[in-house]
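Chemist: After the structure tokens below, expect a handful of questions from me.
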Amino acid sequence: MPKFLLLKHYRGGPELHHPFPPMDRWAPEDVEAHIAFQHHVIALLKERGEYVGAEALTPVRTWVRYGGPDAAPVTTDGPHPETSDLVAGWFMIDVESRERAIELAAYVSSEPGPAGEPLYEWIDVREIMSGSPAG
Amino acid sequence: MEGSPAVTPDEGALRVLVPRVLAGLVRRGEDFDTAEDALQDALVEALRTWPEHPPRDPRAWLTTVATRRLVDARRSDAARRRREEAAAAEPEPEPEPGAVSDEGDDTLFLLFCCCHPGLSPASQVALTLRAVGGLTTREIADAFYVPEATMAQRISRAKAALRGRPLDRPGDLAVVLRVLYLVYTAAHHGPPDRVDLAVEAIRLARALTLATDEPEARGLLALMLLGHARLPARLDAAGRIVPLDRQDRGRWDPREIAEGVRVLQSALARQTDDRPPGRYQVQAAIAALHADAARAEETDWPQILSWYDELVALTDDPVRDDPAAVLGRAVAVGEVHGPAAGLRETERLREVLGERHRWHATRGHLHELAGDLPAAAAAYAEAARRATDVAERDHLVRRAAQARANGGVTS
């Protein structure tokens with residue numbers, strides 16, 4: 001039974017199906033519906049015995065690297081190119097097949113956006129290698 | 001504990017009792033679903049209390065505690081339905097079921113329930129490990145690296161799917177064999193406190209051979225034993241994969257090899273003339289030939305190739321139906337008729353397996369045999385990109401780097 005991450009992005013990925021404003025500019029009821037859908041996905045995965053985990057990430061990104069001997073870590077908060085990928089969160093699932101993972105990703109992508117219309121968001125489907133701590 | 005020795009069965013002994021107790025409950029008319037739940041409760045209770053208070057008769061203890069749970073469950077159901085009714089006479093927990101059935105029959109009966117063709121493979125595996133293997137939900141969840149609640153839900157969905165289906169007819173043995181093999185191949189090198197699924201699968205397959213004369217059940221057990229025997233040599237001290245031709249064969253388990261060969265022989269002896277040996281027996285025969293070679297150079301490749309010929313002849317369209325067999329055969333062809341012939345064989349699989357790491361890894365190996373190290377390096381790199389296991393990916397990256405270095409590739 002392979003495990004997959006269904007990654008959601010703040011930005012990056014293929015060209016959008018249709019442009020939409022950031023969520024903080026949506027009508028409050030659309031925001032509620034969107035969030036409720038995420039909870040619904042989690043409940044669905046749990047009910048089907050396919051749930052491993054789900055997390056959300058803040059968009060604040062700090063790049064860190066080794067500074068060299070006796071030097072402090074080097075960090076940068078940007079600016080980052082607007083096109084760079086920024087992961088927003090993920091569902092981790094344990095399913096029968098890759099086909100099932102793709103089916104679930106498409107369902108996640110049907111999440112409601114402004115005016116309750118499907119968002120058609122691109123979902124990044126990544127298989128987790130077995131032998132890794134989670135796999 | 002005056003006089004009689006304290007019975008403190010280890011977990012293994014406890015698990016052996018699970019299918020027997022459960023089959024007893026179901027045979028006396030309990031619903032499979034609720035009986036299995038009740039027994040799971042009893043099992044968890046046993047793991048908790050037996051170390052301090054070992055029962056005299058573990059099987060009777062499990063049956064009694066599970067029965068009490070069933071009675072409790074029925075009582076609370078009834079209470080819900082007719083709360084106003086005065087408490088009826090308490091049903092006494094029933095004693096041991098009268099008809100003590102044969103252990104093998106119990107195992108087979110439950111395997112047919114758990115491996116019902118109407119269930120998904122994941123459900124069949126989970127249910128089998130719990131109801132026949134006697135593992136707790138937590139142990140199964142840990143073995144598959146999923147949350148306990150997820151595994152519990154998977155099991156309860158499986159049981160819900162079984163509800164209302166007749167469980168008294170003989171099931172599909174081919175499905176049972178496939179489920180046991182799935183359990184075996186799902187085994188990882190986990191931490192030692194985790195249940196070893198390979199050992200569990202071997203235990204279940206051994207129990208199955210007590211219940212049926214079907215040669216393929218023995219073929220499957222032999223295949224597992226022969227594969228498991230090589231496991232100690234598969235990884236080096238640093239956890240790196242060691243390919244078959246470089247393994248220290250002194251580390252193979254001679255006891256398991258001997259048992260595997262013996263079981264295979266008994267399978268082949270049971271095989272009637274009118275049909276050829278099935279896929280598990282054939283694969284076990286190939287594994288036995290590998291086990292038989294004291295050194296990699298002594299491997300009887302012509303004999304292995306002829307078994308692969310039998311294996312691919314079992315399906316009408318082997319490239320579609322059993323590409324793994326065709327790929328394995330390509331390696332044998334490469335050894336017998338030369339790597340160029342082996343590579344030609346892999347070409348037939350490009351469409352079906354071209355996106356799988358094993359196809360590229362096999363081609364890397366054949367290119368290496370041919371002395372074409374740049375091609376080998378490229379194929380291993382392609383394989384590494386597609387690997388779905390960390391140890392395997394690392395192994396393939398190493399092979400690619402070695403081939404590149406030895407082949408003088410600079411770019």
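Residues are named by chain letter and number: chains run A, B, ... in the order of the structure tokens, numbers start at 1 in each chain, and ligands are numbered from 1 in the order shown.
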Determine which residues of chain A sit within 8 Å of chain B, taking into account only C-alpha atoms, and present them as a count of residues only.

Modeler: 18

Chemist: Any idea what's packed within 12 Å of Arg275 (chain B), counting only C-alpha atoms, ignoring anything in its chain fewer than 2 positions away? Could you give it as a list in words?

Modeler: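 With the cut-off at 12 Å, the set is Pro215, Glu216, Leu268, Arg270, Gln271, Thr272, Asp273, Pro277, Gly278, Arg279, Glu310 and Leu314 of chain B.
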
Chemist: Could you pull out the helix (DSSP H, G or I) residues of region 179-363 of chain B from DSSP and send them as a ChimeraX atom specification?

Modeler: /B:179-185,197-211,215-229,231-234,244-246,249-251,254-270,279-292,296-298,301-312,318-321,323-337,339-347,350-353,357-363

Chemist: Enumerate, as number ranges by chain, the complete set of residues in chain A that a backbone-based DSSP assignment places in strand (DSSP E or B).

Modeler: A: 3-11, 51-56, 63-65, 74-76, 86-94, 112, 118, 124-128, 130

Chemist: Just write the chosen residues, C-alpha atoms, as a PDB file, in the first residue's frame.

Modeler:
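Once everything was written out, this is selection06.pdb:
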ATOM      1  CA  LYS A   3       1.828   6.377   0.577  1.00  0.00           C
ATOM      2  CA  PHE A   4       1.526   9.707  -1.190  1.00  0.00           C
ATOM      3  CA  LEU A   5       1.698  13.384  -0.344  1.00  0.00           C
ATOM      4  CA  LEU A   6      -0.940  15.538  -1.982  1.00  0.00           C
ATOM      5  CA  LEU A   7       0.844  18.893  -1.859  1.00  0.00           C
ATOM      6  CA  LYS A   8      -0.990  22.193  -2.014  1.00  0.00           C
ATOM      7  CA  HIS A   9       0.940  25.289  -3.035  1.00  0.00           C
ATOM      8  CA  TYR A  10       0.577  28.975  -2.277  1.00  0.00           C
ATOM      9  CA  ARG A  11       2.245  29.533  -5.619  1.00  0.00           C
ATOM     10  CA  TYR A  51      -5.590   8.902   6.315  1.00  0.00           C
ATOM     11  CA  VAL A  52      -2.009   9.229   7.533  1.00  0.00           C
ATOM     12  CA  GLY A  53      -1.759  12.949   8.267  1.00  0.00           C
ATOM     13  CA  ALA A  54      -2.468  16.484   7.152  1.00  0.00           C
ATOM     14  CA  GLU A  55      -0.524  19.666   7.863  1.00  0.00           C
ATOM     15  CA  ALA A  56      -0.621  23.286   6.841  1.00  0.00           C
ATOM     16  CA  TRP A  63      16.272  29.870   3.750  1.00  0.00           C
ATOM     17  CA  VAL A  64      19.139  28.724   5.973  1.00  0.00           C
ATOM     18  CA  ARG A  65      22.578  27.427   5.145  1.00  0.00           C
ATOM     19  CA  VAL A  74      23.415  32.317   6.894  1.00  0.00           C
ATOM     20  CA  THR A  75      19.732  33.081   6.519  1.00  0.00           C
ATOM     21  CA  THR A  76      17.651  34.920   4.007  1.00  0.00           C
ATOM     22  CA  LEU A  86       5.799  27.706  -2.066  1.00  0.00           C
ATOM     23  CA  VAL A  87       4.174  24.731  -0.395  1.00  0.00           C
ATOM     24  CA  ALA A  88       1.053  25.523   1.631  1.00  0.00           C
ATOM     25  CA  GLY A  89       0.371  22.122   3.141  1.00  0.00           C
ATOM     26  CA  TRP A  90      -0.430  18.528   2.414  1.00  0.00           C
ATOM     27  CA  PHE A  91      -2.539  15.454   2.953  1.00  0.00           C
ATOM     28  CA  MET A  92      -0.556  12.279   3.530  1.00  0.00           C
ATOM     29  CA  ILE A  93      -2.497   9.217   2.404  1.00  0.00           C
ATOM     30  CA  ASP A  94      -2.020   5.442   2.359  1.00  0.00           C
ATOM     31  CA  PRO A 112     -14.774  25.503  -3.505  1.00  0.00           C
ATOM     32  CA  PRO A 118     -14.393  24.777  -7.948  1.00  0.00           C
ATOM     33  CA  ASP A 124       1.337  18.054  -6.589  1.00  0.00           C
ATOM     34  CA  VAL A 125       1.176  14.251  -6.097  1.00  0.00           C
ATOM     35  CA  ARG A 126       4.376  12.763  -4.703  1.00  0.00           C
ATOM     36  CA  GLU A 127       4.985   9.140  -3.745  1.00  0.00           C
ATOM     37  CA  ILE A 128       6.696   8.558  -0.413  1.00  0.00           C
ATOM     38  CA  SER A 130       9.290   3.042   1.567  1.00  0.00           C
TER      39      SER A 130
END

Chemist: Could you name the residues that touch Pro21 (chain A) at 10 Å or less, counting only C-alpha atoms, but leaving out those on the same chain fewer than 5 positions away, as an MDAnalysis selection string?

Modeler: chainID A and resid 26 113:114

Chemist: If you keep C-alpha atoms, can you produce a file of those selected residues as a tab-separated table (two decimals), in the first residue's frame?

Modeler:
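So again-v5.tsv came out as:
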chain	number	residue	atom	x	y	z
A	26	TRP	CA	-12.75	36.17	-0.76
A	113	GLY	CA	-13.28	28.91	-4.30
A	114	PRO	CA	-14.85	32.34	-4.78

Chemist: For region 280-283 of chain B, please output as number ranges by chain all residues within 10 Å (counting only C-alpha atoms; exclusion window: fewer than 4 positions along the same chain).

Modeler: B: 177-178, 181, 215-224, 226, 263-265, 267-268, 271, 276, 287-289, 304, 307-311, 314, 325

Chemist: Save the residues we just selected, C-alpha atoms, as a JSON list (two decimals), in the first residue's frame?

Modeler:
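The resulting file, result_6.json, is shown below:
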[["chain", "number", "residue", "atom", "x", "y", "z"],
["B", 177, "LEU", "CA", -2.42, -17.05, -1.50],
["B", 178, "ARG", "CA", -2.17, -13.59, -3.04],
["B", 181, "TYR", "CA", 2.16, -13.03, -0.48],
["B", 215, "PRO", "CA", 0.27, -27.73, -4.13],
["B", 216, "GLU", "CA", 0.34, -23.97, -4.66],
["B", 217, "ALA", "CA", -0.08, -23.37, -0.91],
["B", 218, "ARG", "CA", 3.14, -25.33, -0.41],
["B", 219, "GLY", "CA", 4.69, -23.56, -3.37],
["B", 220, "LEU", "CA", 3.99, -20.21, -1.73],
["B", 221, "LEU", "CA", 5.41, -21.34, 1.62],
["B", 222, "ALA", "CA", 8.54, -22.64, -0.14],
["B", 223, "LEU", "CA", 8.95, -19.39, -2.06],
["B", 224, "MET", "CA", 8.71, -17.35, 1.13],
["B", 226, "LEU", "CA", 13.72, -19.54, 0.28],
["B", 263, "VAL", "CA", 8.26, -28.08, 1.10],
["B", 264, "LEU", "CA", 8.77, -27.41, -2.63],
["B", 265, "GLN", "CA", 9.46, -31.08, -3.29],
["B", 267, "ALA", "CA", 4.36, -29.54, -3.51],
["B", 268, "LEU", "CA", 5.71, -30.83, -6.80],
["B", 271, "GLN", "CA", 1.06, -31.89, -8.46],
["B", 276, "PRO", "CA", 1.64, -27.82, -14.77],
["B", 287, "ALA", "CA", 14.74, -19.52, -5.80],
["B", 288, "ALA", "CA", 15.86, -23.06, -4.90],
["B", 289, "LEU", "CA", 18.30, -23.12, -7.83],
["B", 304, "ILE", "CA", 16.67, -21.34, -14.24],
["B", 307, "TRP", "CA", 11.75, -22.63, -15.22],
["B", 308, "TYR", "CA", 11.24, -19.06, -16.44],
["B", 309, "ASP", "CA", 9.98, -20.53, -19.72],
["B", 310, "GLU", "CA", 7.39, -22.44, -17.66],
["B", 311, "LEU", "CA", 6.51, -19.29, -15.71],
["B", 314, "LEU", "CA", 1.35, -19.83, -17.49],
["B", 325, "ALA", "CA", 8.28, -12.90, -15.07]]

Chemist: Find the residues around Gly364 (chain B) up to 7 Å (only C-alpha atoms counted), leave out those fewer than 2 positions away in its own chain, and share them as a ChimeraX atom specification.

Modeler: /B:360-362,366-368,376-377,379-380

Chemist: With a distance cut-off of 12 Å and only C-alpha atoms, select the neighbouring residues of Gly171 (chain B), excluding the residue or stretch itself and same-chain residues fewer than 4 positions from it, and output the selection as a compact mmCIF listing (two decimals) with C-alpha atoms, in the first residue's frame.

Modeler:
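Result went into out.txt, see below:
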# COMPACT_ATOMS: atom_id res chain seq x y z
CA LEU B 108 -8.77 -22.16 6.36
CA PHE B 109 -12.32 -21.16 7.29
CA LEU B 110 -11.15 -17.81 8.65
CA LEU B 111 -8.75 -17.16 5.77
CA PHE B 112 -11.66 -17.57 3.38
CA CYS B 113 -13.69 -15.07 5.45
CA CYS B 114 -10.88 -12.50 5.60
CA CYS B 115 -9.74 -12.92 2.00
CA HIS B 116 -13.23 -12.59 0.59
CA PRO B 117 -12.89 -11.65 -3.10
CA GLY B 118 -15.32 -8.75 -2.51
CA ARG B 165 -22.35 -12.27 2.85
CA PRO B 166 -22.46 -16.04 3.30
CA LEU B 167 -19.24 -17.16 4.97
CA VAL B 175 -7.02 -14.92 -3.34
CA VAL B 176 -5.82 -16.27 0.01
CA LEU B 177 -2.42 -17.05 -1.50
